[in-house]
Structure formats: C-alpha cells, structure tokens
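S.K.: Pasting a structure here, questions to come.
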Amino acid sequence: MARPKKKEAETATAGEDGKPEAPKRTIIRAKTAFDWKGLVKKAESEAWRKLRVEIQVRDMLLAGKPASLDAGNAMLKARGLEDHMEAVADIVDPDERAKAAEKIRTDEGLCEFSRRSGKPGIWMPSNNLKAMLKENWSVLGLRVKVRGSKGALAEGLYVVAADCIDPVERDWIYLGNEPSGVHQAVAHTVGPTGPVSSIKRHEYVTRPKIAFEIWIATAESVAEKISDDELAKTFVHAQEHGTGACRSQGFGKWDIVEVRELAPPTEDELEEAAAKVA
C-alpha cells in the first residue's frame, strides 16, 4: 500500500484582523519574443569586459601548420639534395658522405599559414593567441598561484579578431595577401636509429601588426581570477616568448603597440551587428 502523502506545511502570517493570510506565491508569466530580445541584449551588454590589443612582431612570424609532407620529400629526392649538401661537402670518404646525406634526407615539408575557401590572403586562427596567453600564464606560475584560474582562462576568456562583427570572421586574423617568403633551416634530433637531421621550411610574414580583442567574462567566478596586474605580466612575458612556430629559435617575438578598454556596445550597435550578420 502506498504511503499517504504528507501535507506540505504552509507558512502564513497574521493579517491586521488577526486572521492568517494565504501563503504568497510567485507567478512567472510567459515572456514574448520581444521580451526575450530585450533580455538577450541586456545580457550581451553586460556579459563581457573587452580589451583591444595591438602588437607588432619584431622580425618574422613563422607558420606552423604542416602542408603536404610527401611533396616536399619527393622534391628533395628529385633534386639529389644539391641545395642541402653544404654540411657534408667536405667529407672525402664516399661512404661517410652517403651516410651524412641520408641523415638529412628526412624532410618535414612546408609549414604554411591557413588559406580559407572564398577568402583571399593568409590567415591565423585567433585561438592561437589564446593558447599563447594560457601558456605564458602557466609559465609564470599563475595557474597554481591563482586557484581556479586554469578554468577561468579556458572557459571564461576568449580571443577574437579586432573590430569584427561577424561571429565567424572573429575566429580568424588576417595576416596579408601572401607570405613574405619561406624560411628554411636544418633541425637536428636523435631518433631510434641515431642522429637525424631534417629540413624545416616555414612560410613567414615580416613584421606584421596583429590586432585582436580579449573578452573576459564579467561573472565573478572568472573576473576575480584574472586580475589586470597578472594579465599585464602575462603580456610582458609573452613578448619574449613569442607566438607562431620556431619560438625556441627566437622567432615570433613581439612588442605591445596598444592595450585599451572597449566600452560596452550600445543598443543601436547591437542591433546593427545583428542586422549585418543576418
């Protein structure tokens, strides 16, 4: 037999005549589409604190996205490595020279910037800059020092292209019409079979200026974990750490041109942005 349901206790307050008043209830009325539009606009204007950052790369920004490996390897074999034999040209013994040549036969192919269908030029995902900030935050020990900042950076901070309304285009930073050239170097590593030298080729852009925005959630759980002082320290360290490929070789270092706070968008600006996207 099912147990009888207990009567829920109702708290009542006494009225002026001494009689208990009926319990008060909260009534939630259905909102219209117009009501929700207003609520979303309000939330959009209050959700983010935004910083606009402009940086200048000191020398070369190298691409790190691998292109076809087979094409580069085939090219080197067809050319007989003539352009890459300087390191072994002085070896007299033909057997030793052959061994040395074999060590540099491995080609890592070309690393290139992103190309987008229907969009001319070369591009970099804006998320690469977020990864840069997270890495340098961690290097400075802030991930441990500021408890909870790891999650705040991962889920409460975003990097997007500057001055961009289209939410799809925000994910990409334009670097120019074409690369400035291809940087070529020989990298030396030790593999299972012994020392291996590989030819690394990277597209690069010379001294690009990169503008982006940092969006920080205004929620207390995020805002209190990412202070201005610690973010500034992260910028300063990231300048010397660099961005892009081959950072350990000194590439991709940059200087801050400007950091400024962006005012929250007005209602008219939000409406204009929504109209352009639509």
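For the structure tokens, the naming scheme is as follows: chains receive sequential letters (A, B, ...) according to their order of presentation, residues are indexed from 1 within each chain, and ligands are indexed from 1 in presentation order.
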Tell me which protein, DNA and RNA residues are within 6 Å of stretch 106-121 of chain A, counting only C-alpha atoms, leaving out same-chain ones fewer than 6 positions away, and put them as a list in words.
M.R.: Ala63, Gly64, Lys65, Pro66, Ala67, Leu69, Gly72, Asn73, Gly176, Asn177, Glu178, Ser198, Ile199, Lys200, Arg201, His202 and Glu203 of chain A
S.K.: Save out the residues we just selected, N, CA and C atoms, as an mmCIF file, in the first residue's frame.
M.R.:
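Produced file again_15.cif, reproduced below:
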data_model
loop_
_atom_site.group_PDB
_atom_site.id
_atom_site.type_symbol
_atom_site.label_atom_id
_atom_site.label_comp_id
_atom_site.auth_asym_id
_atom_site.auth_seq_id
_atom_site.Cartn_x
_atom_site.Cartn_y
_atom_site.Cartn_z
ATOM 1 N N ALA A 63 54.846 30.325 -39.862
ATOM 2 C CA ALA A 63 53.670 29.462 -39.870
ATOM 3 C C ALA A 63 54.017 28.099 -39.277
ATOM 4 N N GLY A 64 53.016 27.442 -38.700
ATOM 5 C CA GLY A 64 53.267 26.146 -38.083
ATOM 6 C C GLY A 64 52.339 25.045 -38.535
ATOM 7 N N LYS A 65 51.462 25.331 -39.514
ATOM 8 C CA LYS A 65 50.520 24.308 -39.975
ATOM 9 C C LYS A 65 51.161 23.483 -41.080
ATOM 10 N N PRO A 66 51.380 22.174 -40.870
ATOM 11 C CA PRO A 66 52.055 21.370 -41.893
ATOM 12 C C PRO A 66 51.257 21.286 -43.186
ATOM 13 N N ALA A 67 51.951 21.442 -44.296
ATOM 14 C CA ALA A 67 51.351 21.189 -45.600
ATOM 15 C C ALA A 67 51.651 19.737 -45.962
ATOM 16 N N LEU A 69 53.518 16.535 -46.662
ATOM 17 C CA LEU A 69 54.872 16.074 -46.388
ATOM 18 C C LEU A 69 55.466 15.342 -47.588
ATOM 19 N N GLY A 72 57.168 17.637 -50.374
ATOM 20 C CA GLY A 72 58.485 18.154 -50.041
ATOM 21 C C GLY A 72 59.544 17.078 -50.102
ATOM 22 N N ASN A 73 59.220 15.891 -49.622
ATOM 23 C CA ASN A 73 60.192 14.796 -49.619
ATOM 24 C C ASN A 73 60.555 14.402 -51.053
ATOM 25 N N GLY A 176 47.673 39.194 -44.279
ATOM 26 C CA GLY A 176 48.139 39.824 -45.507
ATOM 27 C C GLY A 176 47.750 39.024 -46.735
ATOM 28 N N ASN A 177 48.123 39.552 -47.898
ATOM 29 C CA ASN A 177 47.759 38.900 -49.155
ATOM 30 C C ASN A 177 48.517 37.602 -49.382
ATOM 31 N N GLU A 178 49.793 37.580 -48.994
ATOM 32 C CA GLU A 178 50.628 36.413 -49.234
ATOM 33 C C GLU A 178 51.814 36.433 -48.274
ATOM 34 N N SER A 198 66.718 17.068 -40.165
ATOM 35 C CA SER A 198 65.541 17.265 -41.009
ATOM 36 C C SER A 198 65.503 18.701 -41.506
ATOM 37 N N ILE A 199 65.007 18.853 -42.708
ATOM 38 C CA ILE A 199 64.899 20.174 -43.322
ATOM 39 C C ILE A 199 63.523 20.743 -42.994
ATOM 40 N N LYS A 200 63.529 21.906 -42.344
ATOM 41 C CA LYS A 200 62.271 22.546 -41.946
ATOM 42 C C LYS A 200 62.059 23.788 -42.802
ATOM 43 N N ARG A 201 60.889 23.906 -43.371
ATOM 44 C CA ARG A 201 60.560 25.063 -44.199
ATOM 45 C C ARG A 201 59.253 25.665 -43.701
ATOM 46 N N HIS A 202 59.274 26.953 -43.444
ATOM 47 C CA HIS A 202 58.110 27.641 -42.895
ATOM 48 C C HIS A 202 57.819 28.902 -43.700
ATOM 49 N N GLU A 203 56.570 29.072 -44.087
ATOM 50 C CA GLU A 203 56.171 30.377 -44.600
ATOM 51 C C GLU A 203 56.305 31.395 -43.475
#
S.K.: Can you tell me, as a list in words, what residues are no more than 8 Å from stretch 133-135 of chain A when counting only C-alpha atoms, ignoring any on the same chain fewer than 3 positions away?
M.R.: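 My reading of the contact set: Leu129, Lys130, Ser138, Val139, Leu153, Ala154, Thr234, Phe235 and Ala238 of chain A.
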S.K.: Measuring between only C-alpha atoms, which one of A:Lys41, A:Lys50, A:Lys24, A:His188 shows the shortest distance to A:Ile216?
M.R.: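 Closest to A:Ile216, using only C-alpha atoms: A:Lys50.
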S.K.: I need the alpha helix (DSSP H) residues of stretch 109-194 of chain A per DSSP on the backbone, written as JSON, numbers by chain.
M.R.: {"A": [127, 128, 129, 130, 131, 132, 133, 134, 135, 136, 137, 138, 139, 142, 143, 144, 145, 149, 150, 151, 152, 153, 154, 155, 156]}
S.K.: Just want the 12 Å neighbourhood of A:Gly141, counted on only C-alpha atoms, with same-chain residues fewer than 3 positions away dropped. Output as JSON, numbers by chain.
M.R.: {"A": [134, 135, 136, 137, 138, 144, 145, 146, 147, 149, 150, 230, 233, 234, 237]}
S.K.: Could you turn the residues from that selection into a file that holds C-alpha atoms, as a PDB file, in the first residue's frame?
M.R.:
ATOM      1  CA  LYS A 134      47.385  30.356 -21.418  1.00  0.00           C
ATOM      2  CA  GLU A 135      50.914  29.050 -21.908  1.00  0.00           C
ATOM      3  CA  ASN A 136      52.594  32.158 -20.522  1.00  0.00           C
ATOM      4  CA  TRP A 137      50.125  32.378 -17.626  1.00  0.00           C
ATOM      5  CA  SER A 138      51.211  28.854 -16.722  1.00  0.00           C
ATOM      6  CA  VAL A 144      48.985  27.333  -9.393  1.00  0.00           C
ATOM      7  CA  LYS A 145      49.182  30.647  -7.540  1.00  0.00           C
ATOM      8  CA  VAL A 146      45.684  31.777  -8.522  1.00  0.00           C
ATOM      9  CA  ARG A 147      43.480  28.846  -7.650  1.00  0.00           C
ATOM     10  CA  SER A 149      42.440  30.430 -12.897  1.00  0.00           C
ATOM     11  CA  LYS A 150      43.020  27.438 -15.187  1.00  0.00           C
ATOM     12  CA  GLU A 230      48.582  39.464 -13.698  1.00  0.00           C
ATOM     13  CA  LYS A 233      52.636  40.384 -16.502  1.00  0.00           C
ATOM     14  CA  THR A 234      51.475  37.708 -18.927  1.00  0.00           C
ATOM     15  CA  HIS A 237      56.444  37.602 -20.639  1.00  0.00           C
TER      16      HIS A 237
END
S.K.: Can you check which residues of stretch 136-207 of chain A DSSP gives as strand (DSSP E) on the backbone and send them as a ChimeraX atom specification?
M.R.: /A:157-161,172-176,181-191,194-206
S.K.: Applying 12 Å and only C-alpha atoms, which residues near A:Pro264 remain after dropping the ones on its own chain fewer than 5 positions away? List them as number ranges by chain.
M.R.: A: 41-51, 215, 218, 269-270
S.K.: Please determine, counting only C-alpha atoms, which residue among A:Leu142, A:Ala161, A:Ala185, A:Val205 has the shortest atom-to-atom distance to A:Ile226.
M.R.: A:Leu142
S.K.: Measure the distance from atom CA of A:Gly244 to atom CA of A:Met132 in Å and round it to one decimal.
M.R.: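 For atom CA of A:Gly244 relative to atom CA of A:Met132, the distance reads 9.0 Å.
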S.K.: Counting only C-alpha atoms, figure out which residue out of A:Lys31, A:Lys37, A:His241, A:Arg52 gets nearest to A:Glu258.
M.R.: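 Ranking A:Lys31, A:Lys37, A:His241, A:Arg52 by distance to A:Glu258, first place goes to A:Arg52.
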